[in-house]
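S.K.: Structure file work.cif (mmCIF, C-alpha atoms) right here:
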```cif
data_input
#
loop_
_atom_site.group_PDB
_atom_site.id
_atom_site.type_symbol
_atom_site.label_atom_id
_atom_site.label_comp_id
_atom_site.auth_asym_id
_atom_site.auth_seq_id
_atom_site.Cartn_x
_atom_site.Cartn_y
_atom_site.Cartn_z
ATOM 1 C CA MET B 176 -71.149 -220.244 -161.240
ATOM 2 C CA LEU B 177 -67.434 -220.453 -160.496
ATOM 3 C CA LYS B 178 -67.670 -218.613 -157.179
ATOM 4 C CA ARG B 179 -68.278 -220.857 -154.273
ATOM 5 C CA GLY B 180 -68.369 -219.699 -150.730
ATOM 6 C CA PRO B 181 -68.025 -216.225 -149.352
ATOM 7 C CA GLU B 182 -65.825 -213.755 -151.154
ATOM 8 C CA ILE B 183 -62.549 -213.059 -149.339
ATOM 9 C CA THR B 184 -61.288 -209.513 -149.527
ATOM 10 C CA MET B 185 -57.690 -208.604 -148.620
ATOM 11 C CA PRO B 186 -57.350 -205.982 -145.944
ATOM 12 C CA ASN B 187 -56.008 -202.640 -147.124
ATOM 13 C CA LEU B 188 -52.702 -202.584 -145.201
ATOM 14 C CA LYS B 189 -50.350 -199.642 -145.535
ATOM 15 C CA VAL B 190 -46.722 -199.559 -144.513
ATOM 16 C CA PRO B 191 -45.872 -196.615 -142.278
ATOM 17 C CA PRO B 192 -44.058 -193.879 -144.199
ATOM 18 C CA PHE B 193 -41.104 -194.062 -141.793
ATOM 19 C CA LEU B 194 -40.443 -197.762 -142.524
ATOM 20 C CA GLU B 195 -40.981 -197.237 -146.230
ATOM 21 C CA ASP B 196 -38.471 -194.390 -146.337
ATOM 22 C CA LEU B 197 -35.989 -196.434 -144.273
ATOM 23 C CA TYR B 198 -36.313 -199.395 -146.625
ATOM 24 C CA TYR B 199 -35.720 -197.304 -149.748
ATOM 25 C CA ASP B 200 -32.748 -195.529 -148.125
ATOM 26 C CA LEU B 201 -31.095 -198.829 -147.171
ATOM 27 C CA ARG B 202 -31.697 -200.234 -150.623
ATOM 28 C CA GLU B 203 -30.231 -197.204 -152.364
ATOM 29 C CA ARG B 204 -27.177 -197.295 -150.107
ATOM 30 C CA HIS B 205 -26.796 -201.080 -150.552
ATOM 31 C CA LEU B 206 -27.058 -201.688 -146.816
ATOM 32 C CA LEU B 207 -29.864 -204.238 -146.827
ATOM 33 C CA PRO B 208 -27.476 -207.264 -146.720
ATOM 34 C CA LEU B 209 -25.698 -205.779 -143.737
ATOM 35 C CA VAL B 210 -28.974 -205.249 -141.879
ATOM 36 C CA VAL B 211 -30.002 -208.849 -142.592
ATOM 37 C CA LEU B 212 -26.657 -210.137 -141.242
ATOM 38 C CA LEU B 213 -27.040 -208.067 -138.079
ATOM 39 C CA VAL B 214 -30.528 -209.419 -137.468
ATOM 40 C CA LEU B 215 -29.340 -213.005 -137.974
ATOM 41 C CA ALA B 216 -26.380 -212.419 -135.625
ATOM 42 C CA ILE B 217 -28.657 -211.032 -132.916
ATOM 43 C CA ILE B 218 -30.776 -214.152 -133.145
ATOM 44 C CA ALA B 219 -27.988 -216.728 -133.594
ATOM 45 C CA VAL B 220 -25.466 -215.598 -130.954
ATOM 46 C CA PRO B 221 -27.664 -216.232 -127.879
ATOM 47 C CA ILE B 222 -28.623 -219.649 -129.277
ATOM 48 C CA ALA B 223 -24.976 -220.597 -129.869
ATOM 49 C CA LEU B 224 -23.940 -219.506 -126.367
ATOM 50 C CA SER B 225 -26.723 -221.489 -124.765
ATOM 51 C CA ASN B 226 -25.642 -224.591 -126.709
ATOM 52 C CA ASP B 227 -22.018 -224.161 -125.496
ATOM 53 C CA GLU B 228 -23.078 -224.015 -121.851
ATOM 54 C CA ALA B 229 -25.227 -227.074 -122.256
ATOM 55 C CA SER B 230 -22.321 -229.037 -123.813
ATOM 56 C CA VAL B 231 -19.997 -228.596 -120.765
ATOM 57 C CA PRO B 232 -19.504 -232.026 -119.118
ATOM 58 C CA PRO B 233 -20.546 -232.354 -115.491
ATOM 59 C CA GLY B 234 -16.996 -233.266 -114.392
ATOM 60 C CA LEU B 235 -15.826 -229.670 -114.915
ATOM 61 C CA GLY B 236 -18.441 -228.149 -112.634
ATOM 62 C CA LEU B 237 -17.456 -226.085 -109.594
ATOM 63 C CA ALA B 238 -17.520 -227.478 -106.111
ATOM 64 C CA GLU B 239 -19.724 -226.159 -103.354
ATOM 65 C CA GLY B 240 -17.056 -223.663 -102.245
ATOM 66 C CA GLY B 241 -16.890 -222.222 -105.771
ATOM 67 C CA LEU B 242 -13.629 -224.033 -106.842
ATOM 68 C CA ALA B 243 -12.974 -227.632 -107.738
ATOM 69 C CA THR B 244 -10.760 -229.553 -105.284
ATOM 70 C CA PRO B 245 -7.446 -230.891 -106.628
ATOM 71 C CA SER B 246 -8.199 -234.488 -105.608
ATOM 72 C CA GLU B 247 -11.453 -234.639 -107.535
ATOM 73 C CA ALA B 248 -9.858 -233.042 -110.603
ATOM 74 C CA GLU B 249 -6.881 -235.437 -110.551
ATOM 75 C CA GLU B 250 -9.183 -238.457 -110.263
ATOM 76 C CA GLU B 251 -11.149 -237.394 -113.288
ATOM 77 C CA GLY B 252 -8.028 -236.146 -115.201
ATOM 78 C CA LYS B 253 -9.428 -232.674 -115.619
ATOM 79 C CA ILE B 254 -8.060 -229.137 -115.232
ATOM 80 C CA VAL B 255 -7.095 -228.150 -111.680
ATOM 81 C CA VAL B 256 -8.294 -224.771 -110.428
ATOM 82 C CA ALA B 257 -6.314 -223.794 -107.305
ATOM 83 C CA LYS B 258 -6.850 -220.804 -105.097
ATOM 84 C CA SER B 259 -3.965 -218.294 -105.035
ATOM 85 C CA ALA B 260 -3.061 -216.404 -101.853
ATOM 86 C CA PRO B 261 -0.497 -213.738 -102.854
ATOM 87 C CA GLY B 262 1.640 -212.102 -100.157
ATOM 88 C CA LEU B 263 5.164 -211.202 -99.086
ATOM 89 C CA ARG B 264 7.808 -213.866 -98.879
ATOM 90 C CA ASP B 265 9.266 -214.803 -95.570
ATOM 91 C CA TYR B 266 12.017 -212.304 -94.723
ATOM 92 C CA GLN B 267 14.334 -215.123 -93.625
ATOM 93 C CA ARG B 268 13.963 -216.658 -97.062
ATOM 94 C CA ARG B 269 14.531 -213.342 -98.849
ATOM 95 C CA LEU B 270 17.593 -212.417 -96.788
ATOM 96 C CA LYS B 271 19.178 -215.835 -96.348
ATOM 97 C CA HIS B 272 22.101 -214.929 -98.681
ATOM 98 C CA ARG B 273 23.104 -212.015 -96.411
ATOM 99 C CA THR B 274 24.952 -212.229 -93.112
ATOM 100 C CA PRO B 275 23.705 -210.286 -90.078
ATOM 101 C CA ARG B 276 25.881 -207.490 -88.694
ATOM 102 C CA ASP B 277 25.908 -205.601 -85.445
ATOM 103 C CA PRO B 278 24.963 -201.939 -86.114
ATOM 104 C CA PHE B 279 26.742 -200.812 -82.918
ATOM 105 C CA LYS B 280 30.057 -202.403 -83.807
ATOM 106 C CA GLN B 281 32.876 -200.089 -84.877
ATOM 107 C CA LYS B 282 33.655 -200.723 -88.562
ATOM 108 C CA PHE B 283 36.075 -197.942 -89.486
ATOM 109 C CA THR B 284 39.234 -197.809 -87.417
ATOM 110 C CA GLY B 285 42.493 -195.954 -87.890
ATOM 111 C CA PRO B 286 45.726 -197.603 -89.014
ATOM 112 C CA THR B 287 47.337 -199.714 -86.295
ATOM 113 C CA GLU B 288 51.042 -199.754 -85.548
ATOM 114 C CA ALA B 289 53.174 -202.779 -86.248
ATOM 115 C CA GLY B 290 53.020 -205.369 -83.456
ATOM 116 C CA SER B 291 49.833 -204.017 -81.924
ATOM 117 C CA THR B 292 46.926 -206.357 -81.343
ATOM 118 C CA PRO B 293 43.468 -205.681 -82.745
ATOM 119 C CA GLU B 294 40.740 -204.491 -80.452
ATOM 120 C CA GLU B 295 38.768 -206.992 -78.491
ATOM 121 C CA GLY B 296 35.584 -208.157 -80.077
ATOM 122 C CA GLY B 297 36.921 -207.391 -83.558
ATOM 123 C CA SER B 298 36.385 -209.786 -86.462
ATOM 124 C CA GLY B 299 38.205 -210.582 -89.664
ATOM 125 C CA ASP B 300 35.637 -208.715 -91.737
ATOM 126 C CA SER B 301 35.985 -205.500 -89.808
ATOM 127 C CA SER B 302 39.789 -205.577 -90.007
ATOM 128 C CA ALA B 303 39.648 -206.180 -93.753
ATOM 129 C CA GLU B 304 37.246 -203.251 -94.178
ATOM 130 C CA ALA B 305 39.530 -201.058 -92.063
ATOM 131 C CA GLU B 306 42.532 -201.964 -94.224
ATOM 132 C CA SER B 307 40.592 -201.231 -97.403
ATOM 133 C CA GLN B 308 39.637 -197.735 -96.220
ATOM 134 C CA PRO B 309 41.841 -194.838 -97.411
ATOM 135 C CA PRO B 310 44.051 -193.116 -94.844
ATOM 136 C CA PRO B 311 42.496 -190.189 -92.963
ATOM 137 C CA ILE B 312 42.790 -186.758 -94.574
ATOM 138 C CA ASP B 313 44.739 -184.121 -92.737
ATOM 139 C CA ASP B 314 42.385 -181.223 -92.011
ATOM 140 C CA THR B 315 45.159 -178.752 -91.294
ATOM 141 C CA LEU B 316 45.397 -176.081 -93.966
ATOM 142 C CA THR B 317 48.789 -175.236 -95.363
ATOM 143 C CA PRO B 318 49.447 -172.034 -97.297
ATOM 144 C CA PRO B 319 50.194 -172.469 -101.007
ATOM 145 C CA SER B 320 53.842 -172.605 -101.811
ATOM 146 C CA GLY B 321 55.519 -169.993 -103.913
ATOM 147 C CA GLY B 322 53.499 -166.935 -102.900
ATOM 148 C CA ASP B 323 51.206 -165.233 -100.409
ATOM 149 C CA GLU B 324 47.821 -166.605 -99.364
ATOM 150 C CA SER B 325 45.856 -163.888 -101.191
ATOM 151 C CA PRO B 326 46.804 -161.674 -104.133
ATOM 152 C CA ASP B 327 47.728 -158.090 -103.539
ATOM 153 C CA PRO B 328 44.783 -155.783 -104.470
ATOM 154 C CA ASP B 329 47.254 -153.277 -105.883
ATOM 155 C CA ASP B 330 48.349 -155.807 -108.506
ATOM 156 C CA LEU B 331 44.812 -156.262 -109.909
ATOM 157 C CA THR B 332 43.743 -154.667 -113.179
ATOM 158 C CA TYR B 333 40.179 -153.441 -113.733
ATOM 159 C CA PHE B 334 38.436 -152.846 -117.050
ATOM 160 C CA SER B 335 35.440 -150.563 -117.433
ATOM 161 C CA TYR B 336 33.642 -148.664 -120.195
ATOM 162 C CA ALA B 337 33.771 -144.862 -120.120
ATOM 163 C CA ILE B 338 32.020 -142.339 -122.350
ATOM 164 C CA ASP B 339 32.690 -138.897 -123.761
ATOM 165 C CA VAL B 340 29.601 -136.673 -123.540
ATOM 166 C CA ARG B 341 28.626 -133.245 -124.863
ATOM 167 C CA VAL B 342 26.100 -131.397 -122.665
ATOM 168 C CA VAL B 343 24.290 -128.461 -124.313
ATOM 169 C CA PRO B 344 22.065 -126.289 -122.037
ATOM 170 C CA VAL B 345 18.924 -125.253 -123.929
ATOM 171 C CA SER B 346 16.667 -123.364 -121.522
ATOM 172 C CA SER B 347 15.694 -122.954 -117.897
ATOM 173 C CA GLY B 348 12.258 -121.828 -116.692
ATOM 174 C CA GLY B 349 11.163 -121.135 -120.256
ATOM 175 C CA LYS B 350 14.085 -118.789 -120.896
ATOM 176 C CA LYS B 351 16.947 -119.539 -123.228
ATOM 177 C CA SER B 352 20.058 -120.580 -121.388
ATOM 178 C CA LYS B 353 23.221 -118.535 -121.724
ATOM 179 C CA ALA B 354 25.509 -121.335 -120.577
ATOM 180 C CA LYS B 355 27.975 -122.673 -123.089
ATOM 181 C CA PRO B 356 28.105 -126.326 -124.172
ATOM 182 C CA SER B 357 30.614 -128.490 -122.371
ATOM 183 C CA VAL B 358 32.357 -131.728 -123.259
ATOM 184 C CA ARG B 359 33.133 -134.202 -120.484
ATOM 185 C CA ARG B 360 35.485 -137.053 -121.278
ATOM 186 C CA ARG B 361 36.055 -140.544 -119.901
ATOM 187 C CA LEU B 362 33.100 -140.483 -117.575
ATOM 188 C CA PRO B 363 32.879 -143.693 -115.470
ATOM 189 C CA ASN B 364 29.790 -145.539 -114.310
ATOM 190 C CA LEU B 365 27.344 -143.770 -111.958
ATOM 191 C CA THR B 366 28.151 -140.367 -113.455
ATOM 192 C CA MET B 367 25.195 -137.957 -113.107
ATOM 193 C CA LEU B 368 24.310 -135.671 -115.994
ATOM 194 C CA PRO B 369 24.163 -132.783 -116.662
ATOM 195 C CA SER B 370 25.635 -132.371 -113.145
ATOM 196 C CA ARG B 371 25.412 -133.825 -109.671
ATOM 197 C CA GLU B 372 23.234 -130.873 -108.605
ATOM 198 C CA SER B 373 20.747 -131.745 -111.372
ATOM 199 C CA PRO B 374 20.905 -135.550 -111.749
ATOM 200 C CA ALA B 375 18.475 -135.946 -114.614
ATOM 201 C CA VAL B 376 20.186 -139.036 -116.056
ATOM 202 C CA THR B 377 22.873 -141.377 -114.686
ATOM 203 C CA TYR B 378 25.305 -143.312 -116.841
ATOM 204 C CA MET B 379 25.003 -147.020 -115.843
ATOM 205 C CA GLY B 380 27.087 -148.844 -118.450
ATOM 206 C CA VAL B 381 26.916 -150.055 -122.033
ATOM 207 C CA THR B 382 24.854 -152.582 -123.942
ATOM 208 C CA ARG B 383 26.068 -156.098 -124.703
ATOM 209 C CA ASP B 384 27.586 -155.104 -128.031
ATOM 210 C CA ALA B 385 29.223 -152.030 -126.420
ATOM 211 C CA LYS B 386 27.682 -149.770 -129.066
ATOM 212 C CA LYS B 387 25.188 -147.859 -126.885
ATOM 213 C CA ALA B 388 25.391 -146.179 -123.475
ATOM 214 C CA VAL B 389 22.617 -147.044 -121.005
ATOM 215 C CA MET B 390 21.209 -144.105 -119.011
ATOM 216 C CA LEU B 391 19.049 -144.300 -115.886
ATOM 217 C CA ILE B 392 16.379 -141.577 -116.129
ATOM 218 C CA SER B 393 15.283 -139.777 -112.972
ATOM 219 C CA SER B 394 11.638 -139.728 -111.963
ATOM 220 C CA ASP B 395 11.802 -135.895 -112.045
ATOM 221 C CA VAL B 396 12.309 -135.901 -115.826
ATOM 222 C CA THR B 397 9.063 -134.686 -117.376
ATOM 223 C CA GLY B 398 9.995 -135.088 -121.036
ATOM 224 C CA ALA B 399 12.500 -136.719 -123.372
ATOM 225 C CA PHE B 400 12.809 -135.954 -127.067
ATOM 226 C CA GLY B 401 15.063 -137.680 -129.563
ATOM 227 C CA ASP B 402 15.901 -141.031 -131.124
ATOM 228 C CA GLY B 403 17.044 -142.785 -127.932
ATOM 229 C CA VAL B 404 15.812 -146.343 -127.446
ATOM 230 C CA CYS B 405 13.779 -146.959 -124.282
ATOM 231 C CA VAL B 406 14.785 -150.377 -122.904
ATOM 232 C CA ALA B 407 12.733 -150.304 -119.669
ATOM 233 C CA GLY B 408 9.437 -148.563 -118.954
ATOM 234 C CA GLY B 409 6.789 -147.061 -121.180
ATOM 235 C CA SER B 410 6.912 -144.273 -123.721
ATOM 236 C CA LYS B 411 5.794 -141.678 -121.147
ATOM 237 C CA THR B 412 7.657 -143.075 -118.123
ATOM 238 C CA CYS B 413 10.913 -144.451 -119.543
ATOM 239 C CA GLN B 414 13.341 -145.641 -116.881
ATOM 240 C CA LEU B 415 16.314 -146.906 -118.911
ATOM 241 C CA MET B 416 17.357 -145.458 -122.251
ATOM 242 C CA ALA B 417 20.109 -146.550 -124.650
ATOM 243 C CA LEU B 418 21.896 -143.679 -126.429
ATOM 244 C CA GLU B 419 23.969 -144.280 -129.546
ATOM 245 C CA PRO B 420 27.029 -142.112 -130.197
ATOM 246 C CA GLY B 421 26.282 -139.182 -132.473
ATOM 247 C CA ILE B 422 22.528 -139.134 -131.783
ATOM 248 C CA PRO B 423 21.555 -136.423 -129.223
ATOM 249 C CA GLU B 424 18.647 -136.669 -126.778
ATOM 250 C CA THR B 425 16.862 -133.708 -125.135
ATOM 251 C CA PHE B 426 15.573 -133.944 -121.535
ATOM 252 C CA VAL B 427 13.324 -131.675 -119.453
ATOM 253 C CA TYR B 428 14.125 -131.928 -115.754
ATOM 254 C CA GLY B 429 12.524 -130.654 -112.521
ATOM 255 C CA GLY B 430 9.971 -128.013 -111.681
ATOM 256 C CA LYS B 431 12.095 -125.277 -113.219
ATOM 257 C CA ARG B 432 11.875 -127.157 -116.533
ATOM 258 C CA LEU B 433 15.627 -127.320 -116.980
ATOM 259 C CA THR B 434 16.094 -128.361 -120.625
ATOM 260 C CA PHE B 435 19.400 -129.682 -121.904
ATOM 261 C CA ARG B 436 20.713 -131.865 -124.720
ATOM 262 C CA ILE B 437 23.019 -134.859 -124.164
ATOM 263 C CA GLU B 438 25.061 -136.401 -126.976
ATOM 264 C CA VAL B 439 27.337 -139.390 -126.485
ATOM 265 C CA LEU B 440 30.501 -138.779 -128.480
ATOM 266 C CA LYS B 441 32.535 -141.929 -127.831
ATOM 267 C CA ILE B 442 32.494 -145.213 -125.903
ATOM 268 C CA GLN B 443 35.884 -146.605 -124.881
ATOM 269 C CA LEU B 444 37.283 -149.329 -122.657
ATOM 270 C CA LEU B 445 39.608 -148.111 -119.889
ATOM 271 C CA GLU B 446 42.206 -150.045 -117.954
ATOM 272 C CA THR B 447 42.720 -148.960 -114.337
ATOM 273 C CA ASP B 448 44.310 -150.320 -111.178
ATOM 274 C CA ARG B 449 41.164 -149.623 -109.093
ATOM 275 C CA LEU B 450 37.460 -149.903 -109.695
ATOM 276 C CA ASN B 451 36.560 -146.914 -111.842
ATOM 277 C CA THR B 452 33.192 -145.515 -110.690
ATOM 278 C CA ALA B 453 31.975 -142.003 -110.002
ATOM 279 C CA PRO B 454 32.159 -140.964 -106.314
ATOM 280 C CA LEU B 455 28.960 -140.674 -104.309
ATOM 281 C CA GLY B 456 28.062 -138.340 -101.466
ATOM 282 C CA ASP B 457 28.019 -134.570 -101.116
ATOM 283 C CA PRO B 458 28.444 -133.032 -104.584
ATOM 284 C CA LYS B 459 30.178 -129.960 -103.127
ATOM 285 C CA LYS B 460 32.850 -132.027 -101.424
ATOM 286 C CA LYS B 461 35.881 -132.768 -103.553
ATOM 287 C CA GLN B 462 36.793 -136.435 -103.627
ATOM 288 C CA LYS B 463 39.928 -137.743 -105.209
ATOM 289 C CA GLN B 464 40.246 -141.206 -106.703
ATOM 290 C CA ALA B 465 43.576 -142.138 -105.157
ATOM 291 C CA GLY B 466 45.727 -144.520 -107.160
ATOM 292 C CA LEU B 467 43.694 -144.245 -110.375
ATOM 293 C CA LYS B 468 45.826 -144.373 -113.453
ATOM 294 C CA ALA B 469 45.093 -142.010 -116.267
ATOM 295 C CA GLY B 470 42.424 -143.923 -118.159
ATOM 296 C CA ARG B 471 43.984 -145.245 -121.314
ATOM 297 C CA PRO B 472 41.963 -147.031 -124.012
ATOM 298 C CA ARG B 473 42.971 -150.561 -124.912
ATOM 299 C CA ALA B 474 44.274 -150.633 -128.446
ATOM 300 C CA ASP B 475 43.510 -154.350 -128.852
ATOM 301 C CA HIS B 476 39.801 -154.027 -127.957
ATOM 302 C CA ARG B 477 36.949 -153.469 -130.331
ATOM 303 C CA PRO B 478 33.286 -152.938 -129.310
ATOM 304 C CA GLY B 479 31.302 -156.133 -129.257
ATOM 305 C CA GLN B 480 34.419 -158.288 -128.733
ATOM 306 C CA PRO B 481 34.517 -160.509 -125.583
ATOM 307 C CA ARG B 482 36.979 -159.498 -122.900
#
```
What is this file in structure tokens?

M.R.:
Amino acid sequence: MLKRGPEITMPNLKVPPFLEDLYYDLRERHLLPLVVLLVLAIIAVPIALSNDEASVPPGLGLAEGGLATPSEAEEEGKIVVAKSAPGLRDYQRRLKHRTPRDPFKQKFTGPTEAGSTPEEGGSGDSSAEAESQPPPIDDTLTPPSGGDESPDPDDLTYFSYAIDVRVVPVSSGGKKSKAKPSVRRRLPNLTMLPSRESPAVTYMGVTRDAKKAVMLISSDVTGAFGDGVCVAGGSKTCQLMALEPGIPETFVYGGKRLTFRIEVLKIQLLETDRLNTAPLGDPKKKQKQAGLKAGRPRADHRPGQPR
């Protein structure tokens, strides 16, 4: 009795699972207000911008050329939009505070004698500049007073490090050597060891702290055994080795497998009147170091101390 008309049934609508999950995630993270604000902003911003453009008065419109003319803007009391044409200033305006000068006019002149007249075509500015310039410098060289031009080479004193070395022959060709050990003292730089006929190593100098002797190893050395420190090259092909006094090093040299032991006994600083280096050339030829003083150690020097 109470039902009148056809029965209306609601359609069975289902929300997609993706939207349902998104809704629950936003609600759990409390991001629903933020999403609502973003949607309102997306809708409201275009409407607000369109209202602003519609509220611009017609007097501020652009002219046909794209810019309003100054006369029309002044008549209406509005903002003036002027076209800017940037560029370089006129050079006469930029350089008006400077005075032109002749580049071919002589500016620097020598001092004039008293009573002489200035050169023709000269001006007050050029004479003032000439007076302000310093007098010319005499290019002639004069020898220093109180002595010769160069020091006498014989009066120079040279300092160099020399070493005392013990050479012990071990074997030759696989047979034990019968040679006796020898001690060589005050050997200068470029001394070949064990001898100049068999230059297995060459004394080159000392390290920075003057506590080790640096030896240049020949390419014919096939083996080195000991506690020497290799400072250049690999373990099998060492080129420079630092030997500390009291620590011997054994070398194997040449095809005959000449084996000998080198031990640095002492490193000392010598004072000489000529450069103290070992002579080069034919090892069989006797060469004398003329003028060399007997190398004497400096008592006031200690290894590692600057000279």

S.K.: Of the residues B:Thr412, B:Ile338, B:Pro363, B:Met379, which is the one nearest to Ser394 (chain B), using all atoms listed in the file?

M.R.: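 Nearest to Ser394 (chain B): B:Thr412.
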
S.K.: Ranking B:Leu188, B:Leu455, B:Ala219, B:Ala417 by minimum distance to Arg383 (chain B) and counting all atoms listed in the file, which one comes first?

M.R.: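 For Arg383 (chain B), the nearest of the given residues is B:Ala417.
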
S.K.: Would you compute the distance between CA of Gly380 (chain B) and CA of Asn364 (chain B)? Give it in Å to one decimal.

M.R.: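 Atom-to-atom, CA of Gly380 (chain B) to CA of Asn364 (chain B), that is 5.9 Å.
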
S.K.: Looking at B:Val210, B:Val342, B:Leu362, B:Leu194, which one is nearest to Leu445 (chain B), with distances taken over all atoms listed in the file?

M.R.: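 That would be B:Leu362, the residue with the smallest distance to Leu445 (chain B).
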
S.K.: Given the file above and the PyMOL selection byres ((chain B and resi 397) around 7), which residues are selected, and can you give them as a ChimeraX atom specification?

M.R.: /B:395-396,398,427-428

S.K.: Let me make sure I understand: among B:Arg202, B:Lys431, B:Arg436, B:Arg264, which one has the smallest atom-to-atom distance to Val340 (chain B) if we use only C-alpha atoms?

M.R.: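 Residue with the minimum atom-to-atom distance to Val340 (chain B): B:Arg436.
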
S.K.: Which residues, protein or nucleic acid, reach to within 9 Å of (16.4, -149.3, -129.0) in the file's coordinates when using all atoms listed in the file, and can you give that as a ChimeraX atom specification?

M.R.: /B:402-406,416-418

S.K.: Report, in Å with one decimal, the straight-line distance from CA of Lys387 (chain B) to CA of Leu450 (chain B).

M.R.: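 Here the two named atoms are 21.2 Å from each other.
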
S.K.: Since the input is missing atoms, can you rebuild N, CA and C atoms for region 183-204 of chain B and write them as a compact mmCIF listing (two decimals), in the frame of the given file?

M.R.:
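Generated file (result.txt):
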```
# COMPACT_ATOMS: atom_id res chain seq x y z
N ILE B 183 -63.58 -213.51 -150.28
CA ILE B 183 -62.55 -213.06 -149.34
C ILE B 183 -61.91 -211.80 -149.91
N THR B 184 -61.90 -210.79 -149.11
CA THR B 184 -61.29 -209.51 -149.53
C THR B 184 -60.04 -209.27 -148.68
N MET B 185 -58.96 -208.89 -149.31
CA MET B 185 -57.69 -208.60 -148.62
C MET B 185 -57.79 -207.26 -147.89
N PRO B 186 -57.30 -207.28 -146.68
CA PRO B 186 -57.35 -205.98 -145.94
C PRO B 186 -56.41 -204.96 -146.60
N ASN B 187 -56.80 -203.74 -146.54
CA ASN B 187 -56.01 -202.64 -147.12
C ASN B 187 -54.95 -202.19 -146.11
N LEU B 188 -53.79 -202.90 -146.14
CA LEU B 188 -52.70 -202.58 -145.20
C LEU B 188 -51.74 -201.59 -145.84
N LYS B 189 -51.30 -200.65 -145.06
CA LYS B 189 -50.35 -199.64 -145.54
C LYS B 189 -49.12 -199.64 -144.63
N VAL B 190 -47.98 -199.62 -145.27
CA VAL B 190 -46.72 -199.56 -144.51
C VAL B 190 -46.53 -198.13 -144.02
N PRO B 191 -46.11 -197.99 -142.77
CA PRO B 191 -45.87 -196.62 -142.28
C PRO B 191 -44.84 -195.91 -143.15
N PRO B 192 -45.04 -194.62 -143.35
CA PRO B 192 -44.06 -193.88 -144.20
C PRO B 192 -42.63 -193.96 -143.68
N PHE B 193 -42.46 -194.01 -142.36
CA PHE B 193 -41.10 -194.06 -141.79
C PHE B 193 -40.38 -195.33 -142.24
N LEU B 194 -41.08 -196.51 -142.13
CA LEU B 194 -40.44 -197.76 -142.52
C LEU B 194 -40.21 -197.81 -144.03
N GLU B 195 -41.14 -197.24 -144.78
CA GLU B 195 -40.98 -197.24 -146.23
C GLU B 195 -39.77 -196.40 -146.65
N ASP B 196 -39.63 -195.23 -146.02
CA ASP B 196 -38.47 -194.39 -146.34
C ASP B 196 -37.18 -195.07 -145.92
N LEU B 197 -37.19 -195.74 -144.74
CA LEU B 197 -35.99 -196.43 -144.27
C LEU B 197 -35.60 -197.56 -145.23
N TYR B 198 -36.58 -198.29 -145.69
CA TYR B 198 -36.31 -199.40 -146.62
C TYR B 198 -35.67 -198.88 -147.91
N TYR B 199 -36.25 -197.83 -148.49
CA TYR B 199 -35.72 -197.30 -149.75
C TYR B 199 -34.32 -196.71 -149.55
N ASP B 200 -34.10 -196.08 -148.39
CA ASP B 200 -32.75 -195.53 -148.12
C ASP B 200 -31.71 -196.64 -148.02
N LEU B 201 -32.04 -197.72 -147.30
CA LEU B 201 -31.10 -198.83 -147.17
C LEU B 201 -30.84 -199.50 -148.52
N ARG B 202 -31.88 -199.60 -149.32
CA ARG B 202 -31.70 -200.23 -150.62
C ARG B 202 -30.84 -199.38 -151.55
N GLU B 203 -31.03 -198.07 -151.52
CA GLU B 203 -30.23 -197.20 -152.36
C GLU B 203 -28.77 -197.19 -151.92
N ARG B 204 -28.55 -197.30 -150.63
CA ARG B 204 -27.18 -197.30 -150.11
C ARG B 204 -26.57 -198.69 -150.07
```
